[in-house]
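Accompanying notes for the structure given below.
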Amino acid sequence: MTADSPSDLNGTLDAIWVYPIKSCAGLSLREAELTDTGLAYDRAWMVVDSQGEFVSQRELPRMALIQPSFKLGQLVLRAPGMLSLHLALDAAEGPARVRVWDDEVDAFDMGDTAAQWFSDFLGADAPAHLKALRLIRFDPEARRRCDPRWTGDDAGFAQFADGFSLLVASQASLDELNARLGAAGQAPVDMRRFRPNLVIGGWAAHDEDRCGPVTLGEGESSAEIVPVKPCSRCPIPDIDPDTATPGHAVGDVLRTYRQDARVGGAITFGMNAIVRRGDGVVLRVGQPVRADLRFD
């Protein structure tokens with residue numbers, strides 16, 4: 001696909017989401033800088049247990065209630081019943097070595113005040129081994145490579161995301177799910193359940209599954225990302241982001257039509273992607289998004 005050739009898929013960037021702390025609530029932005037690891041500050045922080053193993057909503061659903069925001073060079077965290085926690089964006093204390101899935105990475109501990117805040121909010125109802133928690137920041141000098149079995153000749157990188165730089169989903173994919181939920185007598189859900197970084201409007205449902213490289217923007221300010229792996233879904237989409245209450249309706253409906261042979265029959269929604277071009281480019285809601293269909 002060249003700059004002046006017609007594309008199979010033409011749409012717009014409808015939403016941009018950043019999740020500063022892995023598995024906590026996301027932050028909807030009008031614009032965000034793209035880096036080679038994804039969006040700036042996306043999954044730059046992570047909560048770990050006393051052994052340095054990451055924790056998520058899978059074990060602690062109340063993480064969904066921790067709401068971040070950016071203000072005057074600070075990451076501000078709010079949660080029900082807690083005083084807000086303010087962390088300088090460039091703050092870090094002692095070095096740490098932590099694990100996210102199968103990867104051990106260099107990181108920085110964010111100190112005792114942050115550790116106590118997370119332990120107080122999340123630890124009360126947690127299992128014994130998750131009562132003492134710490135907040136960790138990714139070491140910007142570290143390089144965590146995405147799985148080359150999926151990226152091929154492209155070298156993709158991520159911070160504390162599950163495995164890839166970005167998650168992409170189309171609005172039509174959510175619309176189709178909600179139609180199926182409605183037919184099953186269930187309430188609709190919003191895109192927060194699926195934690196995408198980039199939401200594309202104007203494409204058909206699940207076009208993101210079958211497209212090649214995606215161009216965001218136009219001209220010299222454009223970027224290119226490559227969808228590489230269907231996003232297998234765990235129980236997190238069944239956790240209500242407003243109440244942190246687990247359910248089962250979303251997973252039940254997805255299992256009726258979203259099993260994907262490419263990932264062993266797991267249910268999928270959205271595509272994991274890596275950044276091919278555009279480190280430093282600012283992505284903006286409303287800019288054009290185009291791609292060609294892939295037939296392989």
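Labeling convention for the structure tokens: chains A, B, ... as they appear, residues from 1 per chain, ligands from 1 in order of appearance.
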Got a sec: who's within 8 Å of Gln67 in chain A, counting only C-alpha atoms, leaving out chain neighbours fewer than 4 positions off, as an NGL selection string?
:A and (24-27 or 77-79)
Please identify all polymer residues within 9 Å of Ala184 in chain A, counting only C-alpha atoms, omitting same-chain residues fewer than 5 positions from it, and present them as a ChimeraX atom specification.
/A:179,249,253
Calculated over only C-alpha atoms, which of the candidates A:Phe118, A:Trp45, A:Phe70, A:Trp150 has the smallest distance to Val98 in chain A?
A:Trp45
Using only C-alpha atoms, which of A:Val289, A:Cys234, A:Leu166, A:Leu72 sits nearest Gly201 in chain A?
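Nearest candidate to Gly201 in chain A out of A:Val289, A:Cys234, A:Leu166, A:Leu72: A:Val289.
Among the candidate residues A:Ala132, A:Ala44, A:Val226, A:Ala161, the one lying nearest to Ala91 in chain A is A:Ala44, with distances computed using only C-alpha atoms.
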Check the smallest atom-to-atom distance from each of A:Asn10, A:Thr35, A:Gln57, A:Ser23 to Phe157 in chain A using only C-alpha atoms, then report the winner.
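Closest residue, counting only C-alpha atoms: A:Thr35.
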Residue nearest Ile267 in chain A among A:Glu141, A:Asp8, A:Asp279, A:Asp252 (counting only C-alpha atoms)
A:Asp252
Distance query Met271 in chain A at most 6 Å, only C-alpha atoms, self and fewer than 5 positions along chain excluded, as a ChimeraX atom specification
/A:167-168,227,229-231
Shell around Gly202 in chain A at 7 Å using only C-alpha atoms, local window under 2 positions removed, as a PyMOL selection string:
chain A and resi 10-12+200+204
Straight-line distance linking CA of Asp36 in chain A with CA of Ser165 in chain A, stated in Å to one decimal
7.6 Å
From a DSSP calculation on the backbone, collect every residue of range 13-118 of chain A in helix (DSSP H, G or I) and output the set as a ChimeraX atom specification.
/A:61-65,112-118
Quick one: residues within 9 Å of Leu198 in chain A, only C-alpha atoms counted, chain neighbours fewer than 3 positions away excluded, as a compact mmCIF listing (two decimals) with all heavy atoms, in the first residue's frame?
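That gives us selection-v4.txt:
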```txt
# COMPACT_ATOMS: atom_id res chain seq x y z
N LEU A 13 -9.69 7.19 13.47
CA LEU A 13 -9.30 6.84 14.83
C LEU A 13 -10.32 7.44 15.78
O LEU A 13 -10.35 8.65 16.01
CB LEU A 13 -7.89 7.36 15.12
CG LEU A 13 -7.28 6.98 16.48
CD1 LEU A 13 -7.28 5.48 16.69
CD2 LEU A 13 -5.87 7.55 16.59
N ASP A 14 -11.19 6.60 16.30
CA ASP A 14 -12.32 7.06 17.12
C ASP A 14 -11.95 7.29 18.58
O ASP A 14 -12.59 8.10 19.27
CB ASP A 14 -13.47 6.06 17.05
CG ASP A 14 -14.36 6.29 15.84
OD1 ASP A 14 -14.00 7.12 14.98
OD2 ASP A 14 -15.41 5.63 15.75
N ALA A 15 -10.97 6.58 19.09
CA ALA A 15 -10.61 6.72 20.51
C ALA A 15 -9.18 6.27 20.72
O ALA A 15 -8.68 5.39 20.03
CB ALA A 15 -11.56 5.91 21.40
N ILE A 16 -8.55 6.90 21.69
CA ILE A 16 -7.20 6.56 22.13
C ILE A 16 -7.25 6.30 23.64
O ILE A 16 -7.75 7.13 24.39
CB ILE A 16 -6.20 7.69 21.84
CG1 ILE A 16 -6.09 7.96 20.33
CG2 ILE A 16 -4.83 7.38 22.43
CD1 ILE A 16 -5.28 9.20 20.00
N TRP A 17 -6.74 5.17 24.05
CA TRP A 17 -6.74 4.80 25.47
C TRP A 17 -5.33 4.45 25.91
O TRP A 17 -4.61 3.71 25.24
CB TRP A 17 -7.65 3.59 25.72
CG TRP A 17 -9.10 3.89 25.66
CD1 TRP A 17 -9.91 3.87 24.56
CD2 TRP A 17 -9.94 4.26 26.75
NE1 TRP A 17 -11.20 4.20 24.90
CE2 TRP A 17 -11.24 4.45 26.24
CE3 TRP A 17 -9.70 4.43 28.12
CZ2 TRP A 17 -12.31 4.80 27.05
CZ3 TRP A 17 -10.78 4.79 28.93
CH2 TRP A 17 -12.07 4.97 28.39
N LEU A 166 0.67 -2.64 21.21
CA LEU A 166 -0.64 -1.98 21.11
C LEU A 166 -1.74 -3.03 21.01
O LEU A 166 -1.50 -4.16 20.54
CB LEU A 166 -0.71 -1.09 19.86
CG LEU A 166 0.23 0.10 19.77
CD1 LEU A 166 0.39 0.54 18.32
CD2 LEU A 166 -0.29 1.25 20.62
N LEU A 167 -2.94 -2.63 21.40
CA LEU A 167 -4.13 -3.43 21.13
C LEU A 167 -5.10 -2.58 20.33
O LEU A 167 -5.40 -1.44 20.71
CB LEU A 167 -4.79 -3.89 22.43
CG LEU A 167 -6.04 -4.77 22.25
CD1 LEU A 167 -5.68 -6.07 21.55
CD2 LEU A 167 -6.70 -5.06 23.58
N VAL A 168 -5.56 -3.13 19.21
CA VAL A 168 -6.42 -2.42 18.27
C VAL A 168 -7.76 -3.13 18.18
O VAL A 168 -7.82 -4.37 18.09
CB VAL A 168 -5.77 -2.37 16.87
CG1 VAL A 168 -6.65 -1.61 15.89
CG2 VAL A 168 -4.38 -1.74 16.95
N ALA A 169 -8.85 -2.38 18.19
CA ALA A 169 -10.19 -2.94 18.02
C ALA A 169 -11.03 -1.96 17.23
O ALA A 169 -10.80 -0.75 17.26
CB ALA A 169 -10.84 -3.24 19.37
N SER A 170 -12.01 -2.47 16.52
CA SER A 170 -12.93 -1.60 15.79
C SER A 170 -14.22 -1.43 16.58
O SER A 170 -14.66 -2.34 17.31
CB SER A 170 -13.25 -2.17 14.40
OG SER A 170 -13.98 -3.38 14.51
```
Using only C-alpha atoms, which of the listed residues (A:Val281, A:Ala142, A:Ala107, A:Val47) sits closest to Gly219 in chain A?
A:Val281
